Amino acid sequence: MRILVIGGAGFVGSSLALSFQQSQPNSKIVVFDNLHRRGSELNLPRFKQHDIEFIHGDIRNREDLEDIPGTFDLTIEASAEPSVHAGQSGQGVNYLIGTNLNGTINFLDFVRKKSAGGVFLSTSRVYSIPALRSIKLDEGDTRFELSAQQDMTGLSKGGIACSFPTVGRGFRSLYGSTKLASELFIEEYAAVFNVNVLVNRCGVIAGPWQFGKTDQGVFTLWVARHLFQGQLSYTGFGGTGKQVRDLLHPRDLFRLIQQQIPVLDKHRGQIFAVGGGPENAVSLKEYTQICEKICGQRLDIRSQTETSPVDIPWFVSDLADVGHSFDWKPELSPESIVSEIKAWLARFETILRPLFT
Ligand SMILES: NC(=O)c1ccc[n+]([C@@H]2O[C@H](COP(=O)([O-])OP(=O)(O)OC[C@H]3O[C@@H](n4cnc5c(N)ncnc54)[C@H](O)[C@@H]3O)[C@@H](O)[C@H]2O)c1
């Protein structure tokens with residue numbers, strides 16, 4: 001197989017590229033990335049070591065993609081400016097739209113001409129923030145919990161499904177808008193040009209080799225700050241760390257994509273909610289306890305009560321639809337994610353400490 005991973009030097013892309021190389025050593029894996037993300041350059045020696053070809057290019061430039069030699073059996077689009085805060089201050093809007101939206105159209109035209117199929121990584125941030133904030137929650141000791149009575153489409157005890165409102169209930173962040181618009185173009189290209197691309201609409205993904213920052217990748221940053229004794233704050237919704245997210249390890253995502261590859265034509269244009277699901281949901285406060293136990297360090301975490309306009313108190317992916325179509329559920333718990341991140345940080349402390357402190 002020939003597999004191209006766009007944004008493959010990033011956290012999720014590099015994990016997928018290396019997983020493919022390990023599980024299919026006879027495949028040719030090519031990574032395309034402009035190394036925009038701080039730390040992504042640290043993946044280049046890993047690619048060399050595992051015989052993965054690296055091409056420096058920018059998804060905003062259609063010629064950069066057209067210059068990639070050969071055709072592919074699969075193209076994964078994992079490049080992005082992935083922060084929900086991106087562009088919100090007015091800075092970097094062009095880069096965000098150029099990469100996340102124009103880049104998607106360039107990816108689709110590339111697949112149309114040069115790839116048998118593709119997988120697009122979208123985000124749970126496509127949902128309307130006012131709709132997400134109107135979910136009824138009870139405040140427990142360590143987390144916000146779903147109240148028994150709910151009246152929202154696409155919301156159940158199992159989590160949030162793809163039918164939850166994305167439009168008509170208000171804004172969703174510039175990041176979320178670029179991804180929602182991308183999903184629309186994917187559906188269109190699938191219907192009009194039979195382009196075999198499906199969408200995995202992912203919740204929070206966390207694991208080693210994520211160069212987490214306060215505005216993106218906070219679950220990895222949280223482990224690093226515990227291990228290296230940095231500062232952390234619970235921000236928003238009362239500043240007590242009761243916000244809930246379900247966590248997905250990229251290896252679990254890889255297991256799903258492996259199942260999707262042979263049936264991309266059957267699922268072209270379709271969107272699947274993908275995440276850790278209710279079993280792997282934690283609040284930040286509970287996550288702190290896991291970090292303390294695994295890192296053996298305790299931090300005095302500050303409290304900032306002001307809530308960012310793009311923050312949400314509760315998100316858990318409903319895995320029912322993806323579970324009906326594929327024999328898949330996540331296997332890696334938040335505890336194993338923290339253990340892996342800690343082991344990675346400890347092993348590469350010299351290069352990683354400056355990035356995280
Ligand atoms: N990490 C998460 O929690 C999460 C959750 C949901 C969806 N996603 C999606 O998964 C994908 C991968 O996210 P990630 O966490 O690996 O992010 P990341 O920032 O680690 O990786 C993205 C990669 O894209 C590259 N890139 C950025 N702009 C580019 C451009 N113009 N041309 C070429 N390459 C460019 C970056 O250098 C980086 O290596 C993204 O589409 C993101 O929106 C991530």
# chains A, B, ... in the order shown; residues from 1 in each chain; ligands from 1
$ residues_near_ligand --ligand "ligand 1" --cutoff "7 Å" --atoms "only C-alpha atoms and all ligand atoms" --output "PDB file with all heavy atoms, in the first residue's frame"
ATOM      1  N   ILE A   6      -0.982  13.758   5.317  1.00  0.00           N
ATOM      2  CA  ILE A   6      -0.808  15.225   5.285  1.00  0.00           C
ATOM      3  C   ILE A   6      -0.887  15.715   6.736  1.00  0.00           C
ATOM      4  O   ILE A   6      -1.761  15.289   7.494  1.00  0.00           O
ATOM      5  CB  ILE A   6      -1.903  15.875   4.411  1.00  0.00           C
ATOM      6  CG1 ILE A   6      -1.854  15.324   2.981  1.00  0.00           C
ATOM      7  CG2 ILE A   6      -1.752  17.391   4.405  1.00  0.00           C
ATOM      8  CD1 ILE A   6      -2.974  15.812   2.072  1.00  0.00           C
ATOM      9  N   GLY A   7       0.044  16.576   7.122  1.00  0.00           N
ATOM     10  CA  GLY A   7       0.123  16.959   8.543  1.00  0.00           C
ATOM     11  C   GLY A   7       0.712  15.827   9.369  1.00  0.00           C
ATOM     12  O   GLY A   7       0.495  15.742  10.574  1.00  0.00           O
ATOM     13  N   GLY A   8       1.488  14.985   8.685  1.00  0.00           N
ATOM     14  CA  GLY A   8       1.995  13.768   9.310  1.00  0.00           C
ATOM     15  C   GLY A   8       3.112  13.978  10.310  1.00  0.00           C
ATOM     16  O   GLY A   8       3.499  13.037  11.003  1.00  0.00           O
ATOM     17  N   ALA A   9       3.639  15.215  10.402  1.00  0.00           N
ATOM     18  CA  ALA A   9       4.656  15.458  11.441  1.00  0.00           C
ATOM     19  C   ALA A   9       4.003  15.943  12.734  1.00  0.00           C
ATOM     20  O   ALA A   9       4.691  16.186  13.726  1.00  0.00           O
ATOM     21  CB  ALA A   9       5.685  16.473  10.947  1.00  0.00           C
ATOM     22  N   GLY A  10       2.700  16.088  12.718  1.00  0.00           N
ATOM     23  CA  GLY A  10       1.990  16.504  13.932  1.00  0.00           C
ATOM     24  C   GLY A  10       1.739  15.325  14.850  1.00  0.00           C
ATOM     25  O   GLY A  10       2.161  14.187  14.581  1.00  0.00           O
ATOM     26  N   PHE A  11       1.042  15.595  15.919  1.00  0.00           N
ATOM     27  CA  PHE A  11       0.804  14.584  16.953  1.00  0.00           C
ATOM     28  C   PHE A  11       0.047  13.363  16.383  1.00  0.00           C
ATOM     29  O   PHE A  11       0.552  12.234  16.390  1.00  0.00           O
ATOM     30  CB  PHE A  11       0.024  15.250  18.090  1.00  0.00           C
ATOM     31  CG  PHE A  11      -0.696  14.320  18.999  1.00  0.00           C
ATOM     32  CD1 PHE A  11      -0.054  13.236  19.583  1.00  0.00           C
ATOM     33  CD2 PHE A  11      -2.047  14.514  19.286  1.00  0.00           C
ATOM     34  CE1 PHE A  11      -0.732  12.366  20.426  1.00  0.00           C
ATOM     35  CE2 PHE A  11      -2.725  13.663  20.133  1.00  0.00           C
ATOM     36  CZ  PHE A  11      -2.077  12.574  20.698  1.00  0.00           C
ATOM     37  N   VAL A  12      -1.146  13.577  15.864  1.00  0.00           N
ATOM     38  CA  VAL A  12      -1.959  12.451  15.408  1.00  0.00           C
ATOM     39  C   VAL A  12      -1.364  11.858  14.129  1.00  0.00           C
ATOM     40  O   VAL A  12      -1.227  10.639  13.995  1.00  0.00           O
ATOM     41  CB  VAL A  12      -3.429  12.886  15.164  1.00  0.00           C
ATOM     42  CG1 VAL A  12      -4.262  11.710  14.695  1.00  0.00           C
ATOM     43  CG2 VAL A  12      -4.029  13.482  16.436  1.00  0.00           C
ATOM     44  N   GLY A  13      -0.971  12.741  13.200  1.00  0.00           N
ATOM     45  CA  GLY A  13      -0.436  12.267  11.916  1.00  0.00           C
ATOM     46  C   GLY A  13       0.798  11.402  12.100  1.00  0.00           C
ATOM     47  O   GLY A  13       0.936  10.348  11.458  1.00  0.00           O
ATOM     48  N   PHE A  32       3.674  14.509   4.633  1.00  0.00           N
ATOM     49  CA  PHE A  32       3.739  15.858   4.039  1.00  0.00           C
ATOM     50  C   PHE A  32       3.381  16.848   5.139  1.00  0.00           C
ATOM     51  O   PHE A  32       2.331  16.713   5.784  1.00  0.00           O
ATOM     52  CB  PHE A  32       2.719  15.901   2.896  1.00  0.00           C
ATOM     53  CG  PHE A  32       2.509  17.244   2.243  1.00  0.00           C
ATOM     54  CD1 PHE A  32       3.163  17.569   1.051  1.00  0.00           C
ATOM     55  CD2 PHE A  32       1.627  18.167   2.779  1.00  0.00           C
ATOM     56  CE1 PHE A  32       2.941  18.791   0.424  1.00  0.00           C
ATOM     57  CE2 PHE A  32       1.400  19.396   2.167  1.00  0.00           C
ATOM     58  CZ  PHE A  32       2.055  19.705   0.981  1.00  0.00           C
ATOM     59  N   ASP A  33       4.222  17.843   5.380  1.00  0.00           N
ATOM     60  CA  ASP A  33       3.958  18.765   6.501  1.00  0.00           C
ATOM     61  C   ASP A  33       4.810  20.021   6.295  1.00  0.00           C
ATOM     62  O   ASP A  33       5.900  19.945   5.719  1.00  0.00           O
ATOM     63  CB  ASP A  33       4.359  18.084   7.835  1.00  0.00           C
ATOM     64  CG  ASP A  33       3.702  18.686   9.056  1.00  0.00           C
ATOM     65  OD1 ASP A  33       3.972  19.869   9.374  1.00  0.00           O
ATOM     66  OD2 ASP A  33       2.922  17.976   9.709  1.00  0.00           O
ATOM     67  N   ASN A  34       4.323  21.166   6.762  1.00  0.00           N
ATOM     68  CA  ASN A  34       5.144  22.385   6.661  1.00  0.00           C
ATOM     69  C   ASN A  34       5.853  22.714   7.981  1.00  0.00           C
ATOM     70  O   ASN A  34       6.445  23.776   8.110  1.00  0.00           O
ATOM     71  CB  ASN A  34       4.294  23.585   6.204  1.00  0.00           C
ATOM     72  CG  ASN A  34       3.325  24.068   7.272  1.00  0.00           C
ATOM     73  OD1 ASN A  34       3.128  23.400   8.283  1.00  0.00           O
ATOM     74  ND2 ASN A  34       2.722  25.223   7.049  1.00  0.00           N
ATOM     75  N   LEU A  35       5.751  21.801   8.966  1.00  0.00           N
ATOM     76  CA  LEU A  35       6.417  21.939  10.276  1.00  0.00           C
ATOM     77  C   LEU A  35       6.017  23.233  10.991  1.00  0.00           C
ATOM     78  O   LEU A  35       6.818  23.833  11.710  1.00  0.00           O
ATOM     79  CB  LEU A  35       7.953  21.854  10.120  1.00  0.00           C
ATOM     80  CG  LEU A  35       8.466  20.572   9.456  1.00  0.00           C
ATOM     81  CD1 LEU A  35       9.986  20.581   9.376  1.00  0.00           C
ATOM     82  CD2 LEU A  35       7.990  19.327  10.210  1.00  0.00           C
ATOM     83  N   HIS A  36       4.782  23.654  10.791  1.00  0.00           N
ATOM     84  CA  HIS A  36       4.278  24.860  11.442  1.00  0.00           C
ATOM     85  C   HIS A  36       4.181  24.664  12.959  1.00  0.00           C
ATOM     86  O   HIS A  36       4.448  25.583  13.726  1.00  0.00           O
ATOM     87  CB  HIS A  36       2.885  25.168  10.860  1.00  0.00           C
ATOM     88  CG  HIS A  36       2.197  26.333  11.465  1.00  0.00           C
ATOM     89  ND1 HIS A  36       2.556  27.638  11.196  1.00  0.00           N
ATOM     90  CD2 HIS A  36       1.145  26.412  12.330  1.00  0.00           C
ATOM     91  CE1 HIS A  36       1.756  28.457  11.861  1.00  0.00           C
ATOM     92  NE2 HIS A  36       0.892  27.743  12.563  1.00  0.00           N
ATOM     93  N   ARG A  37       3.800  23.467  13.383  1.00  0.00           N
ATOM     94  CA  ARG A  37       3.605  23.222  14.816  1.00  0.00           C
ATOM     95  C   ARG A  37       4.943  23.095  15.524  1.00  0.00           C
ATOM     96  O   ARG A  37       5.789  22.277  15.124  1.00  0.00           O
ATOM     97  CB  ARG A  37       2.790  21.932  15.006  1.00  0.00           C
ATOM     98  CG  ARG A  37       2.558  21.508  16.448  1.00  0.00           C
ATOM     99  CD  ARG A  37       1.577  22.430  17.128  1.00  0.00           C
ATOM    100  NE  ARG A  37       1.303  22.055  18.505  1.00  0.00           N
ATOM    101  CZ  ARG A  37       0.117  21.690  18.971  1.00  0.00           C
ATOM    102  NH1 ARG A  37      -0.909  21.580  18.150  1.00  0.00           N
ATOM    103  NH2 ARG A  37      -0.051  21.424  20.237  1.00  0.00           N
ATOM    104  N   SER A  40       7.105  19.774  15.899  1.00  0.00           N
ATOM    105  CA  SER A  40       6.863  18.766  14.849  1.00  0.00           C
ATOM    106  C   SER A  40       8.173  18.317  14.197  1.00  0.00           C
ATOM    107  O   SER A  40       8.300  17.164  13.768  1.00  0.00           O
ATOM    108  CB  SER A  40       5.876  19.293  13.797  1.00  0.00           C
ATOM    109  OG  SER A  40       6.349  20.492  13.237  1.00  0.00           O
ATOM    110  N   GLY A  57       6.038  20.607   2.714  1.00  0.00           N
ATOM    111  CA  GLY A  57       5.107  21.316   1.831  1.00  0.00           C
ATOM    112  C   GLY A  57       3.965  21.899   2.621  1.00  0.00           C
ATOM    113  O   GLY A  57       3.757  21.558   3.795  1.00  0.00           O
ATOM    114  N   ASP A  58       3.228  22.774   1.953  1.00  0.00           N
ATOM    115  CA  ASP A  58       2.148  23.504   2.629  1.00  0.00           C
ATOM    116  C   ASP A  58       0.824  23.173   1.941  1.00  0.00           C
ATOM    117  O   ASP A  58       0.688  23.366   0.729  1.00  0.00           O
ATOM    118  CB  ASP A  58       2.454  25.012   2.523  1.00  0.00           C
ATOM    119  CG  ASP A  58       1.602  25.823   3.467  1.00  0.00           C
ATOM    120  OD1 ASP A  58       0.374  25.605   3.513  1.00  0.00           O
ATOM    121  OD2 ASP A  58       2.178  26.685   4.165  1.00  0.00           O
ATOM    122  N   ILE A  59      -0.142  22.708   2.711  1.00  0.00           N
ATOM    123  CA  ILE A  59      -1.431  22.289   2.132  1.00  0.00           C
ATOM    124  C   ILE A  59      -2.183  23.482   1.523  1.00  0.00           C
ATOM    125  O   ILE A  59      -3.081  23.310   0.702  1.00  0.00           O
ATOM    126  CB  ILE A  59      -2.296  21.544   3.171  1.00  0.00           C
ATOM    127  CG1 ILE A  59      -3.433  20.805   2.469  1.00  0.00           C
ATOM    128  CG2 ILE A  59      -2.812  22.482   4.257  1.00  0.00           C
ATOM    129  CD1 ILE A  59      -4.210  19.848   3.324  1.00  0.00           C
ATOM    130  N   ARG A  60      -1.804  24.698   1.915  1.00  0.00           N
ATOM    131  CA  ARG A  60      -2.463  25.870   1.330  1.00  0.00           C
ATOM    132  C   ARG A  60      -2.067  26.041  -0.131  1.00  0.00           C
ATOM    133  O   ARG A  60      -2.783  26.713  -0.885  1.00  0.00           O
ATOM    134  CB  ARG A  60      -2.091  27.131   2.114  1.00  0.00           C
ATOM    135  CG  ARG A  60      -2.622  27.132   3.539  1.00  0.00           C
ATOM    136  CD  ARG A  60      -2.086  28.301   4.327  1.00  0.00           C
ATOM    137  NE  ARG A  60      -0.631  28.262   4.425  1.00  0.00           N
ATOM    138  CZ  ARG A  60       0.134  29.264   4.807  1.00  0.00           C
ATOM    139  NH1 ARG A  60      -0.413  30.420   5.142  1.00  0.00           N
ATOM    140  NH2 ARG A  60       1.446  29.130   4.881  1.00  0.00           N
ATOM    141  N   GLU A  77      -5.855  13.203   5.935  1.00  0.00           N
ATOM    142  CA  GLU A  77      -5.670  14.647   6.126  1.00  0.00           C
ATOM    143  C   GLU A  77      -5.660  14.938   7.630  1.00  0.00           C
ATOM    144  O   GLU A  77      -6.704  14.930   8.294  1.00  0.00           O
ATOM    145  CB  GLU A  77      -6.765  15.401   5.369  1.00  0.00           C
ATOM    146  CG  GLU A  77      -7.001  16.848   5.722  1.00  0.00           C
ATOM    147  CD  GLU A  77      -5.781  17.765   5.890  1.00  0.00           C
ATOM    148  OE1 GLU A  77      -4.655  17.312   6.090  1.00  0.00           O
ATOM    149  OE2 GLU A  77      -6.002  18.979   5.878  1.00  0.00           O
ATOM    150  N   ALA A  78      -4.441  15.144   8.161  1.00  0.00           N
ATOM    151  CA  ALA A  78      -4.275  15.403   9.604  1.00  0.00           C
ATOM    152  C   ALA A  78      -3.562  16.722   9.837  1.00  0.00           C
ATOM    153  O   ALA A  78      -3.053  16.968  10.924  1.00  0.00           O
ATOM    154  CB  ALA A  78      -3.492  14.264  10.255  1.00  0.00           C
ATOM    155  N   SER A  79      -3.517  17.582   8.795  1.00  0.00           N
ATOM    156  CA  SER A  79      -2.883  18.886   9.016  1.00  0.00           C
ATOM    157  C   SER A  79      -3.942  19.852   9.513  1.00  0.00           C
ATOM    158  O   SER A  79      -5.114  19.727   9.163  1.00  0.00           O
ATOM    159  CB  SER A  79      -2.271  19.429   7.722  1.00  0.00           C
ATOM    160  OG  SER A  79      -3.275  19.921   6.864  1.00  0.00           O
ATOM    161  N   ALA A  80      -3.557  20.780  10.325  1.00  0.00           N
ATOM    162  CA  ALA A  80      -4.513  21.804  10.756  1.00  0.00           C
ATOM    163  C   ALA A  80      -3.821  22.813  11.643  1.00  0.00           C
ATOM    164  O   ALA A  80      -2.750  22.553  12.193  1.00  0.00           O
ATOM    165  CB  ALA A  80      -5.673  21.191  11.554  1.00  0.00           C
ATOM    166  N   GLU A  81      -4.456  23.929  11.793  1.00  0.00           N
ATOM    167  CA  GLU A  81      -4.250  24.798  12.946  1.00  0.00           C
ATOM    168  C   GLU A  81      -5.337  24.311  13.899  1.00  0.00           C
ATOM    169  O   GLU A  81      -6.518  24.605  13.710  1.00  0.00           O
ATOM    170  CB  GLU A  81      -4.437  26.258  12.519  1.00  0.00           C
ATOM    171  CG  GLU A  81      -4.552  27.232  13.662  1.00  0.00           C
ATOM    172  CD  GLU A  81      -3.526  27.016  14.746  1.00  0.00           C
ATOM    173  OE1 GLU A  81      -2.402  27.512  14.605  1.00  0.00           O
ATOM    174  OE2 GLU A  81      -3.852  26.351  15.755  1.00  0.00           O
ATOM    175  N   PRO A  82      -4.993  23.469  14.886  1.00  0.00           N
ATOM    176  CA  PRO A  82      -6.036  22.725  15.601  1.00  0.00           C
ATOM    177  C   PRO A  82      -6.562  23.359  16.890  1.00  0.00           C
ATOM    178  O   PRO A  82      -7.280  22.690  17.634  1.00  0.00           O
ATOM    179  CB  PRO A  82      -5.320  21.400  15.927  1.00  0.00           C
ATOM    180  CG  PRO A  82      -3.890  21.785  16.096  1.00  0.00           C
ATOM    181  CD  PRO A  82      -3.643  23.003  15.247  1.00  0.00           C
ATOM    182  N   THR A  99      -5.393  26.994   5.857  1.00  0.00           N
ATOM    183  CA  THR A  99      -4.989  25.614   6.149  1.00  0.00           C
ATOM    184  C   THR A  99      -6.206  24.708   6.324  1.00  0.00           C
ATOM    185  O   THR A  99      -6.324  23.662   5.683  1.00  0.00           O
ATOM    186  CB  THR A  99      -4.119  25.582   7.429  1.00  0.00           C
ATOM    187  OG1 THR A  99      -2.927  26.337   7.185  1.00  0.00           O
ATOM    188  CG2 THR A  99      -3.733  24.154   7.811  1.00  0.00           C
ATOM    189  N   LEU A 121      -9.776  14.164   9.379  1.00  0.00           N
ATOM    190  CA  LEU A 121      -9.955  14.292  10.820  1.00  0.00           C
ATOM    191  C   LEU A 121     -10.659  15.604  11.131  1.00  0.00           C
ATOM    192  O   LEU A 121     -10.090  16.686  10.964  1.00  0.00           O
ATOM    193  CB  LEU A 121      -8.602  14.231  11.537  1.00  0.00           C
ATOM    194  CG  LEU A 121      -7.831  12.926  11.328  1.00  0.00           C
ATOM    195  CD1 LEU A 121      -6.531  12.943  12.114  1.00  0.00           C
ATOM    196  CD2 LEU A 121      -8.671  11.717  11.731  1.00  0.00           C
ATOM    197  N   SER A 122     -11.909  15.483  11.529  1.00  0.00           N
ATOM    198  CA  SER A 122     -12.661  16.664  11.935  1.00  0.00           C
ATOM    199  C   SER A 122     -12.710  16.718  13.459  1.00  0.00           C
ATOM    200  O   SER A 122     -11.961  16.004  14.140  1.00  0.00           O
ATOM    201  CB  SER A 122     -14.062  16.633  11.333  1.00  0.00           C
ATOM    202  OG  SER A 122     -14.731  17.845  11.586  1.00  0.00           O
ATOM    203  N   THR A 123     -13.576  17.546  13.980  1.00  0.00           N
ATOM    204  CA  THR A 123     -13.547  17.830  15.411  1.00  0.00           C
ATOM    205  C   THR A 123     -14.945  17.958  15.994  1.00  0.00           C
ATOM    206  O   THR A 123     -15.874  18.396  15.311  1.00  0.00           O
ATOM    207  CB  THR A 123     -12.775  19.141  15.663  1.00  0.00           C
ATOM    208  OG1 THR A 123     -12.949  19.526  17.027  1.00  0.00           O
ATOM    209  CG2 THR A 123     -13.290  20.271  14.802  1.00  0.00           C
ATOM    210  N   SER A 124     -15.051  17.657  17.255  1.00  0.00           N
ATOM    211  CA  SER A 124     -16.306  17.861  17.982  1.00  0.00           C
ATOM    212  C   SER A 124     -16.621  19.351  18.114  1.00  0.00           C
ATOM    213  O   SER A 124     -17.712  19.717  18.520  1.00  0.00           O
ATOM    214  CB  SER A 124     -16.186  17.240  19.370  1.00  0.00           C
ATOM    215  OG  SER A 124     -15.053  17.768  20.018  1.00  0.00           O
ATOM    216  N   ARG A 201     -15.117  12.521  13.171  1.00  0.00           N
ATOM    217  CA  ARG A 201     -15.320  13.768  13.938  1.00  0.00           C
ATOM    218  C   ARG A 201     -14.872  13.480  15.376  1.00  0.00           C
ATOM    219  O   ARG A 201     -15.604  12.903  16.171  1.00  0.00           O
ATOM    220  CB  ARG A 201     -16.801  14.131  13.879  1.00  0.00           C
ATOM    221  CG  ARG A 201     -17.117  15.516  14.298  1.00  0.00           C
ATOM    222  CD  ARG A 201     -18.621  15.724  14.298  1.00  0.00           C
ATOM    223  NE  ARG A 201     -19.144  16.295  13.077  1.00  0.00           N
ATOM    224  CZ  ARG A 201     -20.447  16.530  12.867  1.00  0.00           C
ATOM    225  NH1 ARG A 201     -21.333  16.201  13.795  1.00  0.00           N
ATOM    226  NH2 ARG A 201     -20.861  17.059  11.738  1.00  0.00           N
ATOM    227  N   CYS A 202     -13.628  13.883  15.667  1.00  0.00           N
ATOM    228  CA  CYS A 202     -12.981  13.431  16.904  1.00  0.00           C
ATOM    229  C   CYS A 202     -13.170  14.393  18.075  1.00  0.00           C
ATOM    230  O   CYS A 202     -13.151  15.611  17.902  1.00  0.00           O
ATOM    231  CB  CYS A 202     -11.485  13.275  16.670  1.00  0.00           C
ATOM    232  SG  CYS A 202     -11.080  12.093  15.385  1.00  0.00           S
ATOM    233  N   GLY A 203     -13.297  13.814  19.269  1.00  0.00           N
ATOM    234  CA  GLY A 203     -13.228  14.588  20.512  1.00  0.00           C
ATOM    235  C   GLY A 203     -11.769  14.807  20.864  1.00  0.00           C
ATOM    236  O   GLY A 203     -10.915  14.899  19.976  1.00  0.00           O
ATOM    237  N   VAL A 204     -11.446  14.855  22.136  1.00  0.00           N
ATOM    238  CA  VAL A 204     -10.053  15.122  22.529  1.00  0.00           C
ATOM    239  C   VAL A 204      -9.189  13.882  22.274  1.00  0.00           C
ATOM    240  O   VAL A 204      -9.545  12.780  22.678  1.00  0.00           O
ATOM    241  CB  VAL A 204      -9.958  15.510  24.023  1.00  0.00           C
ATOM    242  CG1 VAL A 204      -8.506  15.578  24.479  1.00  0.00           C
ATOM    243  CG2 VAL A 204     -10.655  16.842  24.261  1.00  0.00           C
ATOM    244  N   ILE A 205      -8.053  14.106  21.605  1.00  0.00           N
ATOM    245  CA  ILE A 205      -7.079  13.029  21.381  1.00  0.00           C
ATOM    246  C   ILE A 205      -5.853  13.380  22.229  1.00  0.00           C
ATOM    247  O   ILE A 205      -5.422  14.539  22.254  1.00  0.00           O
ATOM    248  CB  ILE A 205      -6.700  12.917  19.888  1.00  0.00           C
ATOM    249  CG1 ILE A 205      -7.974  12.900  19.019  1.00  0.00           C
ATOM    250  CG2 ILE A 205      -5.861  11.662  19.624  1.00  0.00           C
ATOM    251  CD1 ILE A 205      -7.717  12.945  17.525  1.00  0.00           C
ATOM    252  N   ALA A 206      -5.326  12.413  22.935  1.00  0.00           N
ATOM    253  CA  ALA A 206      -4.176  12.700  23.804  1.00  0.00           C
ATOM    254  C   ALA A 206      -3.240  11.501  23.836  1.00  0.00           C
ATOM    255  O   ALA A 206      -3.683  10.357  23.718  1.00  0.00           O
ATOM    256  CB  ALA A 206      -4.647  13.036  25.218  1.00  0.00           C
ATOM    257  N   GLN A 210       2.586  14.520  21.675  1.00  0.00           N
ATOM    258  CA  GLN A 210       1.745  15.705  21.477  1.00  0.00           C
ATOM    259  C   GLN A 210       2.448  16.870  22.169  1.00  0.00           C
ATOM    260  O   GLN A 210       2.690  16.813  23.384  1.00  0.00           O
ATOM    261  CB  GLN A 210       0.354  15.519  22.094  1.00  0.00           C
ATOM    262  CG  GLN A 210      -0.548  16.735  21.861  1.00  0.00           C
ATOM    263  CD  GLN A 210      -1.972  16.535  22.366  1.00  0.00           C
ATOM    264  OE1 GLN A 210      -2.169  15.911  23.401  1.00  0.00           O
ATOM    265  NE2 GLN A 210      -2.939  17.054  21.649  1.00  0.00           N
ATOM    266  N   PHE A 211       2.763  17.896  21.391  1.00  0.00           N
ATOM    267  CA  PHE A 211       3.474  19.032  21.959  1.00  0.00           C
ATOM    268  C   PHE A 211       2.428  20.024  22.483  1.00  0.00           C
ATOM    269  O   PHE A 211       2.176  21.065  21.882  1.00  0.00           O
ATOM    270  CB  PHE A 211       4.440  19.621  20.918  1.00  0.00           C
ATOM    271  CG  PHE A 211       5.414  18.573  20.439  1.00  0.00           C
ATOM    272  CD1 PHE A 211       5.307  18.010  19.176  1.00  0.00           C
ATOM    273  CD2 PHE A 211       6.395  18.087  21.296  1.00  0.00           C
ATOM    274  CE1 PHE A 211       6.170  17.005  18.762  1.00  0.00           C
ATOM    275  CE2 PHE A 211       7.271  17.086  20.896  1.00  0.00           C
ATOM    276  CZ  PHE A 211       7.155  16.537  19.623  1.00  0.00           C
ATOM    277  N   GLY A 217      -4.020  20.763  23.321  1.00  0.00           N
ATOM    278  CA  GLY A 217      -3.211  19.658  23.815  1.00  0.00           C
ATOM    279  C   GLY A 217      -3.002  19.745  25.311  1.00  0.00           C
ATOM    280  O   GLY A 217      -1.966  19.340  25.844  1.00  0.00           O
TER     281      GLY A 217
END
$ residues_around --residues "Gly269 (chain A)" --least-positions-apart "3" --cutoff "6 Å" --atoms "only C-alpha atoms" --output "mmCIF file with all heavy atoms, in the first residue's frame"
data_model
loop_
_atom_site.group_PDB
_atom_site.id
_atom_site.type_symbol
_atom_site.label_atom_id
_atom_site.label_comp_id
_atom_site.auth_asym_id
_atom_site.auth_seq_id
_atom_site.Cartn_x
_atom_site.Cartn_y
_atom_site.Cartn_z
ATOM 1 N N ILE A 186 -16.627 17.829 1.826
ATOM 2 C CA ILE A 186 -16.342 16.388 1.704
ATOM 3 C C ILE A 186 -17.608 15.653 1.254
ATOM 4 O O ILE A 186 -17.579 14.815 0.343
ATOM 5 C CB ILE A 186 -15.797 15.838 3.038
ATOM 6 C CG1 ILE A 186 -14.385 16.370 3.251
ATOM 7 C CG2 ILE A 186 -15.804 14.301 3.056
ATOM 8 C CD1 ILE A 186 -13.840 16.215 4.650
ATOM 9 N N GLU A 187 -18.736 16.017 1.868
ATOM 10 C CA GLU A 187 -20.007 15.404 1.480
ATOM 11 C C GLU A 187 -20.304 15.701 0.004
ATOM 12 O O GLU A 187 -20.746 14.829 -0.755
ATOM 13 C CB GLU A 187 -21.113 15.990 2.370
ATOM 14 C CG GLU A 187 -22.381 15.184 2.375
ATOM 15 C CD GLU A 187 -23.388 15.767 3.371
ATOM 16 O OE1 GLU A 187 -23.388 16.986 3.617
ATOM 17 O OE2 GLU A 187 -24.180 14.984 3.896
ATOM 18 N N ALA A 190 -17.962 13.829 -2.342
ATOM 19 C CA ALA A 190 -18.335 12.407 -2.343
ATOM 20 C C ALA A 190 -19.534 12.191 -3.267
ATOM 21 O O ALA A 190 -19.572 11.247 -4.063
ATOM 22 C CB ALA A 190 -18.676 11.961 -0.925
ATOM 23 N N VAL A 197 -13.925 9.707 0.522
ATOM 24 C CA VAL A 197 -13.384 10.263 1.769
ATOM 25 C C VAL A 197 -14.455 10.195 2.849
ATOM 26 O O VAL A 197 -15.600 10.589 2.614
ATOM 27 C CB VAL A 197 -12.934 11.733 1.573
ATOM 28 C CG1 VAL A 197 -12.519 12.346 2.908
ATOM 29 C CG2 VAL A 197 -11.768 11.808 0.598
ATOM 30 N N LEU A 198 -14.085 9.672 4.006
ATOM 31 C CA LEU A 198 -15.003 9.724 5.142
ATOM 32 C C LEU A 198 -14.407 10.617 6.224
ATOM 33 O O LEU A 198 -13.210 10.949 6.202
ATOM 34 C CB LEU A 198 -15.346 8.328 5.672
ATOM 35 C CG LEU A 198 -14.318 7.459 6.371
ATOM 36 C CD1 LEU A 198 -13.887 7.972 7.711
ATOM 37 C CD2 LEU A 198 -14.894 6.059 6.552
#
$ atom_distance --atom1 "CA of Met152 (chain A)" --atom2 "CA of Tyr127 (chain A)"
12.4 Å
$ atom_distance --atom1 "CA of Asp311 (chain A)" --atom2 "CA of Trp344 (chain A)"
28.5 Å
